[in-house]
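Peer 1: One file: structure_7.txt (compact mmCIF, C-alpha atoms).
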# COMPACT_ATOMS: atom_id res chain seq x y z
CA MET A 60 117.50 125.40 132.67
CA ARG A 61 114.97 128.03 131.76
CA LEU A 62 112.72 128.65 128.84
CA ILE A 63 112.02 132.35 128.51
CA ALA A 64 109.65 134.04 126.11
CA GLU A 65 109.51 137.80 125.85
CA THR A 66 106.66 139.82 124.32
CA LEU A 67 105.91 137.28 121.65
CA ALA A 68 103.61 138.10 118.78
CA ALA A 69 102.85 135.88 115.82
CA ARG A 70 101.12 136.24 112.50
CA ARG A 71 99.44 133.76 110.25
CA GLY A 72 99.45 135.38 106.85
CA GLU A 73 98.37 138.96 107.45
CA ASP A 74 96.45 138.32 110.65
CA LEU A 75 97.95 138.81 114.05
CA ILE A 76 97.11 135.71 116.08
CA PHE A 77 98.38 136.87 119.46
CA SER A 78 100.64 139.52 120.86
CA ASN A 79 102.54 140.41 123.98
CA ILE A 80 102.91 136.91 125.42
CA SER A 81 105.67 136.51 127.97
CA PHE A 82 106.49 133.64 130.27
CA ALA A 83 109.43 131.98 131.96
CA LEU A 84 109.53 128.32 132.84
CA GLY A 85 112.13 126.64 134.99
CA SER A 86 113.15 123.06 135.54
CA GLY A 87 110.28 120.88 136.74
CA GLU A 88 107.62 123.44 135.86
CA ALA A 89 104.63 123.01 133.64
CA MET A 90 102.47 125.51 131.84
CA VAL A 91 99.00 124.87 130.57
CA LEU A 92 97.66 126.87 127.66
CA THR A 93 93.93 127.31 127.57
CA GLY A 94 91.63 129.37 125.43
CA ARG A 95 88.94 129.00 122.83
CA ASN A 96 89.55 127.55 119.37
CA GLY A 97 91.64 129.82 117.21
CA SER A 98 93.06 131.76 120.13
CA GLY A 99 96.60 130.83 119.11
CA LYS A 100 97.53 127.93 121.39
CA SER A 101 98.93 125.81 118.59
CA THR A 102 100.62 128.79 116.99
CA LEU A 103 102.35 129.66 120.27
CA LEU A 104 103.65 126.09 120.60
CA ARG A 105 104.93 126.19 117.01
CA VAL A 106 106.64 129.52 117.68
CA VAL A 107 108.38 128.04 120.74
CA ALA A 108 109.38 125.01 118.64
CA GLY A 109 110.93 127.34 116.09
CA LEU A 110 108.59 126.24 113.32
CA ILE A 111 107.05 129.69 112.94
CA ARG A 112 109.07 132.85 113.19
CA PRO A 113 107.58 135.25 115.73
CA ALA A 114 106.48 138.63 114.36
CA LYS A 115 107.89 140.21 117.48
CA GLY A 116 109.70 139.11 120.61
CA ARG A 117 111.90 136.10 121.18
CA VAL A 118 112.13 132.72 122.85
CA ASP A 119 115.35 131.69 124.55
CA TRP A 120 116.64 128.52 126.10
CA VAL A 121 119.00 129.36 128.92
CA ARG A 122 121.08 126.63 130.42
CA SER A 123 122.94 126.91 133.66
CA GLY A 124 126.61 126.47 133.03
CA ALA A 125 128.35 127.54 129.85
CA GLY A 126 127.78 125.39 126.84
CA ALA A 127 126.88 125.54 123.22
CA LEU A 128 123.91 127.78 122.59
CA GLN A 129 120.87 125.84 121.56
CA LEU A 130 117.59 126.94 120.08
CA PRO A 131 114.47 126.10 122.10
CA GLY A 132 113.29 123.83 119.28
CA GLU A 133 116.43 121.75 119.45
CA VAL A 134 115.88 120.85 123.09
CA SER A 135 112.17 120.13 122.65
CA HIS A 136 109.87 117.31 121.81
CA TYR A 137 106.89 118.51 119.82
CA LEU A 138 103.71 116.46 119.81
CA GLY A 139 101.42 118.18 117.35
CA HIS A 140 98.00 117.32 116.00
CA ARG A 141 99.63 114.89 113.63
CA ASN A 142 101.48 111.95 115.07
CA ALA A 143 104.65 112.05 112.94
CA MET A 144 104.58 108.30 112.48
CA LYS A 145 104.53 106.44 109.17
CA PRO A 146 101.45 104.24 108.67
CA GLU A 147 103.38 101.87 106.37
CA LEU A 148 106.04 101.04 108.98
CA THR A 149 105.52 98.97 112.09
CA VAL A 150 105.36 100.69 115.46
CA ALA A 151 108.76 99.25 116.39
CA GLU A 152 110.30 100.59 113.17
CA ASN A 153 108.75 104.02 113.75
CA LEU A 154 109.95 104.27 117.33
CA GLY A 155 113.34 102.82 116.43
CA PHE A 156 113.78 105.42 113.70
CA TRP A 157 112.92 108.35 115.96
CA ARG A 158 115.15 106.95 118.67
CA ASP A 159 118.12 106.89 116.29
CA PHE A 160 117.25 110.10 114.47
CA LEU A 161 116.46 112.31 117.45
CA GLY A 162 119.25 110.98 119.61
CA ASP A 163 119.66 111.78 123.27
CA MET A 164 120.56 115.14 124.66
CA ALA A 165 122.98 115.45 127.52
CA GLY A 166 121.28 114.93 130.86
CA GLY A 167 119.12 111.93 130.14
CA ALA A 168 118.71 108.75 128.18
CA GLY A 169 115.86 107.56 126.01
CA LEU A 170 114.12 104.24 126.48
CA SER A 171 114.21 101.45 123.94
CA ALA A 172 111.16 101.04 121.69
CA GLU A 173 109.97 98.05 123.79
CA GLU A 174 110.23 99.92 127.07
CA ALA A 175 108.50 102.97 125.63
CA ALA A 176 105.63 100.83 124.35
CA GLU A 177 105.35 99.29 127.80
CA ARG A 178 105.16 102.73 129.40
CA VAL A 179 102.14 103.57 127.25
CA GLU A 180 100.76 100.11 128.07
CA LEU A 181 100.64 98.81 124.52
CA PRO A 182 103.58 96.39 124.36
CA ALA A 183 101.75 93.87 122.18
CA LEU A 184 101.32 96.21 119.24
CA LEU A 185 104.99 96.77 118.40
CA ASP A 186 105.02 94.58 115.32
CA LEU A 187 101.84 95.94 113.75
CA PRO A 188 101.99 98.59 111.05
CA PHE A 189 101.20 101.95 112.64
CA GLY A 190 98.33 102.46 110.18
CA TYR A 191 96.47 99.43 111.61
CA LEU A 192 96.15 100.98 115.07
CA SER A 193 93.06 102.79 116.28
CA ALA A 194 93.18 106.58 116.67
CA GLY A 195 93.68 106.31 120.44
CA GLN A 196 96.38 103.67 120.13
CA GLN A 197 98.15 105.80 117.52
CA ARG A 198 98.09 108.76 119.88
CA ARG A 199 99.56 106.67 122.69
CA MET A 200 102.33 105.40 120.41
CA ALA A 201 103.02 108.96 119.28
CA PHE A 202 103.41 109.81 122.96
CA ALA A 203 105.81 106.87 123.34
CA LYS A 204 107.96 108.72 120.82
CA LEU A 205 108.67 111.33 123.51
CA LEU A 206 110.17 108.62 125.68
CA VAL A 207 112.63 107.10 123.21
CA ALA A 208 114.85 110.19 123.12
CA HIS A 209 115.61 112.57 125.97
CA ARG A 210 114.53 116.18 125.54
CA PRO A 211 114.11 118.50 128.54
CA VAL A 212 111.18 120.41 127.03
CA TRP A 213 107.93 118.81 125.94
CA LEU A 214 105.59 120.86 123.77
CA LEU A 215 102.23 119.11 123.70
CA ASP A 216 99.41 120.22 121.47
CA GLU A 217 96.12 118.65 122.55
CA PRO A 218 97.94 115.51 123.73
CA THR A 219 94.80 113.78 124.88
CA ALA A 220 92.73 114.13 121.72
CA ALA A 221 91.06 110.78 120.86
CA LEU A 222 91.96 109.27 124.23
CA ASP A 223 89.84 107.49 126.83
CA ALA A 224 89.93 108.34 130.53
CA ALA A 225 92.45 105.62 131.37
CA ALA A 226 94.86 106.88 128.73
CA GLU A 227 94.40 110.45 129.94
CA ALA A 228 95.46 109.35 133.41
CA LEU A 229 98.39 107.50 131.86
CA PHE A 230 99.54 110.61 130.00
CA ALA A 231 99.21 112.68 133.15
CA ARG A 232 101.40 110.13 134.98
CA LEU A 233 104.06 110.27 132.25
CA ILE A 234 104.00 114.07 132.28
CA ARG A 235 104.35 114.11 136.08
CA ALA A 236 107.31 111.71 135.81
CA HIS A 237 108.93 114.01 133.26
CA LEU A 238 108.42 117.02 135.55
CA THR A 239 109.81 115.15 138.54
CA ALA A 240 112.91 114.35 136.49
CA GLY A 241 113.41 118.08 136.00
CA GLY A 242 111.76 118.51 132.62
CA LEU A 243 109.61 121.34 131.34
CA VAL A 244 106.17 120.94 129.83
CA ILE A 245 103.99 123.32 127.86
CA ALA A 246 100.66 121.77 127.04
CA ALA A 247 97.74 123.20 125.13
CA THR A 248 94.60 121.43 126.18
CA HIS A 249 90.87 121.67 126.66
CA GLN A 250 90.46 118.77 129.03
CA PRO A 251 91.85 119.35 132.50
CA LEU A 252 94.90 117.13 132.86
CA ASP A 253 95.85 115.68 136.18
CA PHE A 254 99.22 117.24 136.79
CA GLU A 255 100.41 120.17 138.83
CA ALA A 256 100.59 123.11 136.43
CA THR A 257 102.73 125.83 137.93
CA GLN A 258 101.50 128.33 135.40
CA ARG A 259 98.41 128.89 133.40
CA LEU A 260 98.25 131.02 130.33
CA GLU A 261 94.88 131.84 128.96
CA MET A 262 95.12 132.71 125.32
CA LYS A 263 92.58 135.35 124.46
CA GLY A 264 93.49 135.82 120.85
CA PHE A 265 94.42 139.16 119.48
CA GLN A 266 92.87 142.11 121.26
CA TYR A 267 92.14 145.05 119.05
CA ALA A 268 92.67 147.35 122.03
CA GLU A 269 96.34 146.44 121.90
CA MET A 270 96.60 147.78 118.40
CA GLU A 271 97.06 151.32 119.69
CA GLU A 272 100.04 150.22 121.72
CA GLY A 273 101.70 149.33 118.47
CA ILE A 274 102.96 145.92 117.56
CA MET B 114 125.81 111.87 112.93
CA GLY B 115 126.43 108.65 111.01
CA ILE B 116 123.79 106.72 112.95
CA ILE B 117 121.25 109.53 112.53
CA MET B 118 121.63 109.73 108.78
CA THR B 119 121.80 105.95 108.28
CA ALA B 120 118.52 105.67 110.21
CA LEU B 121 116.92 108.24 107.91
CA LEU B 122 118.28 106.56 104.77
CA LEU B 123 117.06 103.12 105.82
CA ARG B 124 113.63 104.43 106.79
CA ASP B 125 113.15 106.18 103.46
CA LEU B 126 114.30 103.11 101.54
CA LYS B 127 111.88 100.94 103.52
CA LEU B 128 109.04 103.38 102.87
CA SER B 129 109.64 103.41 99.14
CA ILE B 130 109.52 99.63 98.98
CA ARG B 131 106.44 99.18 101.19
CA ALA B 132 102.94 99.52 99.79
CA GLY B 133 102.26 102.96 98.41
CA GLY B 134 105.92 103.83 98.13
CA GLY B 135 105.74 103.95 94.36
CA ALA B 136 109.33 102.92 93.65
CA LEU B 137 108.22 100.75 90.71
CA ILE B 138 105.75 103.26 89.28
CA GLY B 139 108.63 105.26 87.83
CA VAL B 140 110.10 102.22 86.08
CA LEU B 141 106.69 101.28 84.65
CA PHE B 142 106.17 104.83 83.38
CA PHE B 143 109.67 104.85 81.87
CA MET B 144 108.99 101.57 80.05
CA THR B 145 105.62 102.77 78.80
CA VAL B 146 107.00 105.99 77.38
CA VAL B 147 109.92 104.35 75.59
CA ALA B 148 107.99 101.28 74.46
CA VAL B 149 105.35 103.25 72.55
CA ILE B 150 107.91 105.28 70.57
CA PRO B 151 108.70 102.48 68.04
CA PHE B 152 104.96 102.09 67.38
CA GLY B 153 104.62 105.80 66.75
CA VAL B 154 107.77 106.27 64.70
CA GLY B 155 107.36 103.13 62.62
CA PRO B 156 109.70 100.22 61.90
CA ASP B 157 112.59 102.30 60.55
CA LEU B 158 115.44 100.65 62.47
CA ASN B 159 118.05 103.21 61.50
CA LEU B 160 115.87 106.08 62.60
CA LEU B 161 115.14 104.35 65.91
CA ALA B 162 118.83 103.78 66.56
CA ARG B 163 119.52 107.42 65.77
CA ILE B 164 116.91 108.87 68.12
CA GLY B 165 117.41 106.07 70.72
CA PRO B 166 119.67 107.82 73.23
CA ALA B 167 117.51 110.94 73.21
CA ILE B 168 114.29 108.99 73.73
CA VAL B 169 115.72 106.89 76.56
CA TRP B 170 117.07 110.02 78.24
CA ILE B 171 113.77 111.91 77.89
CA GLY B 172 111.87 108.91 79.25
CA ALA B 173 114.21 108.64 82.21
CA LEU B 174 113.99 112.39 82.86
CA LEU B 175 110.20 112.37 82.97
CA ALA B 176 110.09 109.20 85.08
CA ALA B 177 112.62 110.64 87.52
CA LEU B 178 110.46 113.73 88.01
CA LEU B 179 107.32 111.65 88.51
CA GLY B 180 107.52 110.83 92.21
CA LEU B 181 109.53 113.82 93.33
CA ASP B 182 106.64 115.89 94.66
CA ARG B 183 106.13 113.28 97.39
CA LEU B 184 109.66 113.72 98.70
CA PHE B 185 108.66 116.17 101.45
CA GLN B 186 104.89 116.15 101.10
CA THR B 187 104.39 112.77 102.80
CA GLU B 188 106.59 114.00 105.64
CA ARG B 189 104.50 117.11 105.99
CA GLU B 190 101.17 115.29 105.89
CA ASP B 191 101.95 113.08 108.89
CA GLY B 192 103.78 115.77 110.84
CA SER B 193 107.26 114.25 110.55
CA LEU B 194 108.53 117.33 108.72
CA ASP B 195 108.15 119.43 111.90
CA LEU B 196 110.43 117.07 113.76
CA LEU B 197 112.95 116.93 110.92
CA LEU B 198 113.10 120.74 110.94
CA MET B 199 113.53 121.08 114.71
CA GLN B 200 116.72 119.06 115.07
CA GLU B 201 120.14 120.34 115.90
CA HIS B 202 121.91 118.56 113.06
CA PRO B 203 122.02 120.54 109.81
CA LEU B 204 118.86 120.42 107.74
CA VAL B 205 120.98 120.44 104.57
CA LEU B 206 122.35 117.03 105.52
CA THR B 207 118.86 115.69 106.22
CA VAL B 208 117.73 116.86 102.80
CA LEU B 209 120.82 115.41 101.13
CA VAL B 210 120.17 112.00 102.70
CA LYS B 211 116.51 112.11 101.70
CA CYS B 212 117.58 112.90 98.09
CA LEU B 213 120.03 110.02 98.20
CA ALA B 214 117.34 107.62 99.42
CA HIS B 215 114.96 108.87 96.74
CA TRP B 216 117.58 108.39 94.06
CA LEU B 217 118.46 104.87 95.22
CA ALA B 218 114.84 103.73 95.39
CA ASN B 219 113.27 105.56 92.46
CA VAL B 220 115.95 106.57 89.96
CA LEU B 221 118.56 103.82 90.17
CA PRO B 222 115.95 101.28 88.94
CA LEU B 223 115.52 103.50 85.85
CA VAL B 224 119.25 103.35 85.18
CA ILE B 225 119.16 99.58 85.55
CA ALA B 226 116.16 99.27 83.21
CA SER B 227 117.68 101.52 80.54
CA PRO B 228 119.67 98.78 78.67
CA LEU B 229 116.46 96.83 78.05
CA LEU B 230 114.81 99.93 76.65
CA GLY B 231 117.92 100.60 74.58
CA LEU B 232 117.25 97.27 72.85
CA PHE B 233 113.71 98.43 72.05
CA MET B 234 115.30 101.39 70.27
CA ASN B 235 117.68 99.21 68.24
CA MET B 236 120.73 100.80 69.83
CA ASN B 237 124.10 99.05 69.64
CA GLU B 238 125.97 97.92 72.73
CA VAL B 239 128.26 100.96 72.83
CA GLY B 240 125.26 103.27 72.67
CA ILE B 241 123.43 101.33 75.38
CA GLY B 242 126.51 101.41 77.61
CA ALA B 243 126.94 105.13 77.04
CA VAL B 244 123.31 105.92 77.86
CA MET B 245 123.48 103.83 81.01
CA LEU B 246 126.69 105.50 82.13
CA THR B 247 125.45 109.04 81.42
CA LEU B 248 122.17 108.28 83.20
CA LEU B 249 124.05 106.94 86.20
CA VAL B 250 126.15 110.09 86.39
CA GLY B 251 123.52 112.64 85.38
CA SER B 252 120.35 111.42 87.09
CA PRO B 253 121.40 112.41 90.65
CA ALA B 254 121.36 116.01 89.41
CA LEU B 255 117.69 115.57 88.49
CA THR B 256 116.88 114.45 92.02
CA PHE B 257 118.80 117.33 93.60
CA ILE B 258 117.14 119.91 91.34
CA GLY B 259 113.77 118.28 91.92
CA ALA B 260 114.22 118.46 95.68
CA VAL B 261 114.20 122.26 95.47
CA GLY B 262 110.93 122.17 93.54
CA ALA B 263 109.48 119.64 95.97
CA ALA B 264 110.44 121.84 98.92
CA VAL B 265 108.95 124.96 97.35
CA ALA B 266 105.69 123.17 96.56
CA VAL B 267 105.49 121.25 99.84
CA THR B 268 102.49 123.15 101.14
CA LEU B 269 100.50 122.84 97.92
CA PRO B 270 98.01 120.00 98.01
CA ARG B 271 98.34 119.14 94.32
CA GLY B 272 101.88 120.19 93.64
CA GLY B 273 102.76 117.15 91.52
CA LEU B 274 102.73 118.62 88.04
CA LEU B 275 103.80 122.02 89.34
CA VAL B 276 107.02 120.56 90.72
CA SER B 277 107.83 119.01 87.34
CA ILE B 278 107.16 122.29 85.52
CA LEU B 279 109.16 124.30 88.05
CA VAL B 280 112.26 122.16 87.77
CA LEU B 281 112.10 121.23 84.08
CA PRO B 282 114.02 124.31 82.83
CA LEU B 283 116.84 123.54 85.26
CA CYS B 284 116.89 119.92 84.10
CA VAL B 285 117.43 120.87 80.45
CA PRO B 286 121.24 121.23 80.75
CA VAL B 287 121.42 117.75 82.26
CA LEU B 288 119.44 116.40 79.31
CA ILE B 289 121.54 118.27 76.74
CA PHE B 290 124.89 117.08 78.03
CA GLY B 291 123.63 113.58 78.84
CA VAL B 292 122.34 113.07 75.32
CA SER B 293 125.31 114.71 73.62
CA ALA B 294 127.74 112.52 75.58
CA SER B 295 125.71 109.45 74.60
CA TYR B 296 125.81 110.46 70.92
CA ALA B 297 129.51 111.21 71.12
CA ALA B 298 130.16 107.65 72.24
CA VAL B 299 128.46 106.28 69.13
CA GLU B 300 129.39 108.82 66.48
CA ASP B 301 133.09 109.07 65.86
CA PRO B 302 134.10 112.68 65.27
CA ALA B 303 132.49 114.09 68.41
CA PRO B 304 134.57 113.67 71.60
CA PHE B 305 132.87 111.82 74.48
CA LEU B 306 134.81 113.20 77.41
CA PRO B 307 133.99 116.95 77.39
CA PRO B 308 130.18 116.64 77.57
CA PHE B 309 130.53 113.75 80.01
CA LEU B 310 132.74 115.75 82.35
CA ILE B 311 130.36 118.70 82.17
CA LEU B 312 127.58 116.29 83.16
CA VAL B 313 129.67 115.19 86.16
CA ALA B 314 130.21 118.84 87.05
CA ILE B 315 126.49 119.61 86.83
CA THR B 316 125.70 116.74 89.20
CA MET B 317 128.33 117.85 91.70
CA PHE B 318 127.17 121.45 91.46
CA PHE B 319 123.55 120.57 92.19
CA ALA B 320 124.54 118.09 94.91
CA VAL B 321 125.61 121.19 96.84
CA LEU B 322 123.12 123.76 95.63
CA GLY B 323 120.01 121.52 95.58
CA PRO B 324 119.97 120.52 99.28
CA LEU B 325 120.89 124.09 100.27
CA GLY B 326 118.01 125.54 98.29
CA ALA B 327 115.58 122.88 99.46
CA ALA B 328 116.56 123.37 103.11
CA LEU B 329 116.07 127.12 102.76
CA ALA B 330 112.65 126.65 101.18
CA LEU B 331 111.55 124.20 103.89
CA ARG B 332 112.65 126.54 106.67
CA ASN B 333 110.75 129.46 105.21
CA GLY B 334 107.71 127.49 104.15
CA GLY B 335 106.82 126.98 107.81
CA ASP B 336 103.19 127.21 108.77
Once you've parsed the file, please lay out its structure as structure tokens.
Peer 2:
Amino acid sequence: MRLIAETLAARRGEDLIFSNISFALGSGEAMVLTGRNGSGKSTLLRVVAGLIRPAKGRVDWVRSGAGALQLPGEVSHYLGHRNAMKPELTVAENLGFWRDFLGDMAGGAGLSAEEAAERVELPALLDLPFGYLSAGQQRRMAFAKLLVAHRPVWLLDEPTAALDAAAEALFARLIRAHLTAGGLVIAATHQPLDFEATQRLEMKGFQYAEMEEGI
Amino acid sequence: MGIIMTALLLRDLKLSIRAGGGALIGVLFFMTVVAVIPFGVGPDLNLLARIGPAIVWIGALLAALLGLDRLFQTEREDGSLDLLLMQEHPLVLTVLVKCLAHWLANVLPLVIASPLLGLFMNMNEVGIGAVMLTLLVGSPALTFIGAVGAAVAVTLPRGGLLVSILVLPLCVPVLIFGVSASYAAVEDPAPFLPPFLILVAITMFFAVLGPLGAALALRNGGD
């Protein structure tokens, strides 16, 4: 299993956000995206997820062994700035819905909503409406969403925003477990997270010097 | 695939019933619109009976369009839309199921409330039955057309009225054939079946085209 990006460039409106980004990630490898605000970390994650079309270049998901071709987005969990949980529904209903809707991919099985809530150490909150939770608790439950369905690739955009130190350590543990199980992680983050990143990509934003090279 | 789509349908139905879902707002709006007509037109019972089917249909049309802008916007606001877009199963199917849930929660209550409003308009039982039947058959088309507008306007913060204006021209055929079928049931010389069958055809046509268009708009509206 490999996630390969070649000479990616992306635009937001008319502006080029980044260009000439290439990387290759294999099973069990993690990449950390760093860079100042606006350097294109979130945009890169959305391009990999297939939510934004790249202006140039391509992202491919290559699986060992012949099988149906899948887009990188289809094999990925995406944890964005927003939690993708409904405040009106209880946590159990939210997790249960994503468990059924996302479904498992071959090669792994998702946890039940109860087990996932236990992994993020908030088992008592399952029956509360998601909107009643604090920002940090909401983030942890959004992370539990990654555990209810199996996806080999995790795309994490500032996963530890609004979290305390204990929860940061918890997330790092869950990410390490995912890597050990052969998963791939791309995380954009400002805080140093306690897991072994095999690659680091510092986003510098668009360099005007590259303009001459032609995009 | 069945489990996936049932989960989506049940979630959307739950959401529309829970606080803030607004399933009953449409019915209230429908009742308000139709209930004030007799006060405006005056106590001419024959006139009311004559314009009854048209008024009930117009009221239902406007009420059906009322909550449509929220169809994808709530999903976008909390980030769920990203996850809906990323999946392997066809987006068209996801949109179709969301339309179905919206119709069941927001538009079916209008169909059920229409006989009561028919009484307000002094319509006879045949007329009331005909309006209810044509609404039942024609209103899904409104939801499917509206879904395209909702998908196009998903990134606009105040797209509510814009969605209604965008889709209104496309809804006019539904209104025309719905009302003419209702009149045909009451007035003898006009045949009921041709306009009714055209209404059925319009609904089936938009059941295919609406989700396709909405899915296309959602894919390309990415940001």
Peer 1: For atom CA of B:Leu206 and atom CA of A:Glu147, determine how far apart the two atoms are, in Å to one decimal place.
Peer 2: 24.3 Å
Peer 1: Closest to chain B among A:Gly85, A:Gly94, A:Pro131, A:Pro182, using only C-alpha atoms?
Peer 2: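 Looking at the shortest contact to chain B, the residue is A:Pro131.
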Peer 1: Dump as a Markdown table the rows for residues of chain B within 10 Å of chain A: closest atom pair and distance in Å with one decimal, all atoms listed in the file counted, ordered by chain and rising residue number.
Peer 2:
| residue | atom | partner | partner_atom | distance |
| --- | --- | --- | --- | --- |
| B:Met114 | CA | A:Phe160 | CA | 8.9 |
| B:Gly115 | CA | A:Phe160 | CA | 9.9 |
| B:Ile116 | CA | A:Asp159 | CA | 6.6 |
| B:Ile117 | CA | A:Phe160 | CA | 4.5 |
| B:Met118 | CA | A:Phe160 | CA | 7.2 |
| B:Thr119 | CA | A:Phe160 | CA | 8.7 |
| B:Ala120 | CA | A:Phe156 | CA | 5.9 |
| B:Leu121 | CA | A:Phe160 | CA | 6.8 |
| B:Leu123 | CA | A:Phe156 | CA | 8.8 |
| B:Arg124 | CA | A:Phe156 | CA | 7.0 |
| B:Lys127 | CA | A:Leu148 | CA | 8.0 |
| B:Leu128 | CA | A:Glu147 | CA | 6.8 |
| B:Ser129 | CA | A:Glu147 | CA | 9.7 |
| B:Ile130 | CA | A:Glu147 | CA | 9.9 |
| B:Arg131 | CA | A:Glu147 | CA | 6.6 |
| B:Ala132 | CA | A:Glu147 | CA | 7.0 |
| B:Gly133 | CA | A:Glu147 | CA | 8.1 |
| B:Gly134 | CA | A:Glu147 | CA | 8.8 |
| B:Thr187 | CA | A:Lys145 | CA | 9.0 |
| B:Glu188 | CA | A:Ala143 | CA | 7.8 |
| B:Arg189 | CA | A:Ala143 | CA | 8.6 |
| B:Glu190 | CA | A:Arg141 | CA | 7.9 |
| B:Asp191 | CA | A:Ala143 | CA | 5.0 |
| B:Gly192 | CA | A:Ala143 | CA | 4.4 |
| B:Ser193 | CA | A:Ala143 | CA | 4.2 |
| B:Leu194 | CA | A:Ala143 | CA | 7.8 |
| B:Asp195 | CA | A:Leu110 | CA | 7.0 |
| B:Leu196 | CA | A:Tyr137 | CA | 7.2 |
| B:Leu197 | CA | A:Leu161 | CA | 8.7 |
| B:Leu198 | CA | A:Leu110 | CA | 7.5 |
| B:Met199 | CA | A:Gly132 | CA | 5.3 |
| B:Gln200 | CA | A:Glu133 | CA | 5.1 |
| B:Glu201 | CA | A:Glu133 | CA | 5.3 |
| B:His202 | CA | A:Glu133 | CA | 9.0 |
| B:Arg332 | CA | A:Leu110 | CA | 7.8 |
| B:Asn333 | CA | A:Ile111 | CA | 8.6 |
| B:Gly334 | CA | A:Ile111 | CA | 9.1 |
| B:Gly335 | CA | A:Ile111 | CA | 5.8 |
| B:Asp336 | CA | A:Ile111 | CA | 6.2 |
Peer 1: As a list in words, please: the residues near A:Phe230 (cut-off 9 Å, only C-alpha atoms, same-chain neighbours under 3 positions excluded).
Peer 2: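 The residues that qualify are Val179, Arg199, Phe202, Pro218, Thr219, Ala225, Ala226, Glu227, Leu233, Ile234, Arg235, Leu252 and Asp253 of chain A.
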Peer 1: So what do you get for atom CA of A:Arg61 versus atom CA of A:Leu84, distance-wise?
Peer 2: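 Those two atoms sit 5.6 Å apart.
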Peer 1: Need the axis-aligned box for stretch 238-251 of chain B with 5 Å each side, so what are the centre and edges in Å to one decimal, as JSON?
Peer 2:
{"center_x": 125.2, "center_y": 105.3, "center_z": 79.5, "size_x": 16.1, "size_y": 24.7, "size_z": 23.7}
Peer 1: So how many Å separate atom CA of B:Leu161 and atom CA of B:Gly251, to one decimal?
Peer 2: 22.8 Å
Peer 1: Which polymer residues have any atom within 10 Å of an atom of B:Ala136, counting all atoms listed in the file, with same-chain residues fewer than 5 positions away left out, as a ChimeraX atom specification?
Peer 2: /B:126,128-131,141,180,215-223
Peer 1: At a cut-off of 12 Å, using all atoms listed in the file, what residues contact B:Glu300? Leave out same-chain residues fewer than 5 positions from it and give the result as a short mmCIF file (atom, residue, chain, number, x, y, z; two decimals) with C-alpha atoms, in the coordinates of the input.
Peer 2:
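Below is the file that was written, selection_36.cif:
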data_model
loop_
_atom_site.label_atom_id
_atom_site.label_comp_id
_atom_site.auth_asym_id
_atom_site.auth_seq_id
_atom_site.Cartn_x
_atom_site.Cartn_y
_atom_site.Cartn_z
CA ALA B 162 118.83 103.78 66.56
CA ARG B 163 119.52 107.42 65.77
CA PRO B 166 119.67 107.82 73.23
CA ASN B 237 124.10 99.05 69.64
CA VAL B 239 128.26 100.96 72.83
CA GLY B 240 125.26 103.27 72.67
CA ALA B 243 126.94 105.13 77.04
CA SER B 293 125.31 114.71 73.62
CA ALA B 294 127.74 112.52 75.58
CA SER B 295 125.71 109.45 74.60
CA PHE B 305 132.87 111.82 74.48
#
Peer 1: Please return, as a PDB file with C-alpha atoms, in the coordinates of the input, all polymer residues that have at least one atom within 10 Å of the point (101.3, 115.9, 96.3); use all atoms listed in the file and the file's own coordinate frame.
Peer 2:
ATOM      1  CA  GLY B 180     107.520 110.830  92.210  1.00  0.00           C
ATOM      2  CA  LEU B 181     109.530 113.820  93.330  1.00  0.00           C
ATOM      3  CA  ASP B 182     106.640 115.890  94.660  1.00  0.00           C
ATOM      4  CA  ARG B 183     106.130 113.280  97.390  1.00  0.00           C
ATOM      5  CA  LEU B 184     109.660 113.720  98.700  1.00  0.00           C
ATOM      6  CA  PHE B 185     108.660 116.170 101.450  1.00  0.00           C
ATOM      7  CA  GLN B 186     104.890 116.150 101.100  1.00  0.00           C
ATOM      8  CA  THR B 187     104.390 112.770 102.800  1.00  0.00           C
ATOM      9  CA  GLU B 190     101.170 115.290 105.890  1.00  0.00           C
ATOM     10  CA  ALA B 263     109.480 119.640  95.970  1.00  0.00           C
ATOM     11  CA  ALA B 266     105.690 123.170  96.560  1.00  0.00           C
ATOM     12  CA  VAL B 267     105.490 121.250  99.840  1.00  0.00           C
ATOM     13  CA  THR B 268     102.490 123.150 101.140  1.00  0.00           C
ATOM     14  CA  LEU B 269     100.500 122.840  97.920  1.00  0.00           C
ATOM     15  CA  PRO B 270      98.010 120.000  98.010  1.00  0.00           C
ATOM     16  CA  ARG B 271      98.340 119.140  94.320  1.00  0.00           C
ATOM     17  CA  GLY B 272     101.880 120.190  93.640  1.00  0.00           C
ATOM     18  CA  GLY B 273     102.760 117.150  91.520  1.00  0.00           C
ATOM     19  CA  LEU B 274     102.730 118.620  88.040  1.00  0.00           C
ATOM     20  CA  LEU B 275     103.800 122.020  89.340  1.00  0.00           C
ATOM     21  CA  VAL B 276     107.020 120.560  90.720  1.00  0.00           C
TER      22      VAL B 276
END
Peer 1: So that I can check the surroundings of B:Ala167, please list as a ChimeraX atom specification every protein, DNA and RNA residue that reaches within 9 Å of it, counting only C-alpha atoms and ignoring chain neighbours fewer than 4 positions away.
Peer 2: /B:163,171-172,244,288,291-293,295-296
Peer 1: Env of A:Ala176: 12 Å cut, atoms = all atoms listed in the file, seq-sep filter 6 positions within chain, self excluded. Answer as number ranges by chain.
Peer 2: A: 150-151, 153-155, 170, 182-186, 196-207
Peer 1: Pick the closest to A:Ser193 from A:Ala114, A:Leu222, A:Ala165, A:Val212: which is it, counting only C-alpha atoms?
Peer 2: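 Of A:Ala114, A:Leu222, A:Ala165, A:Val212, the one nearest A:Ser193, counting only C-alpha atoms, is A:Leu222.
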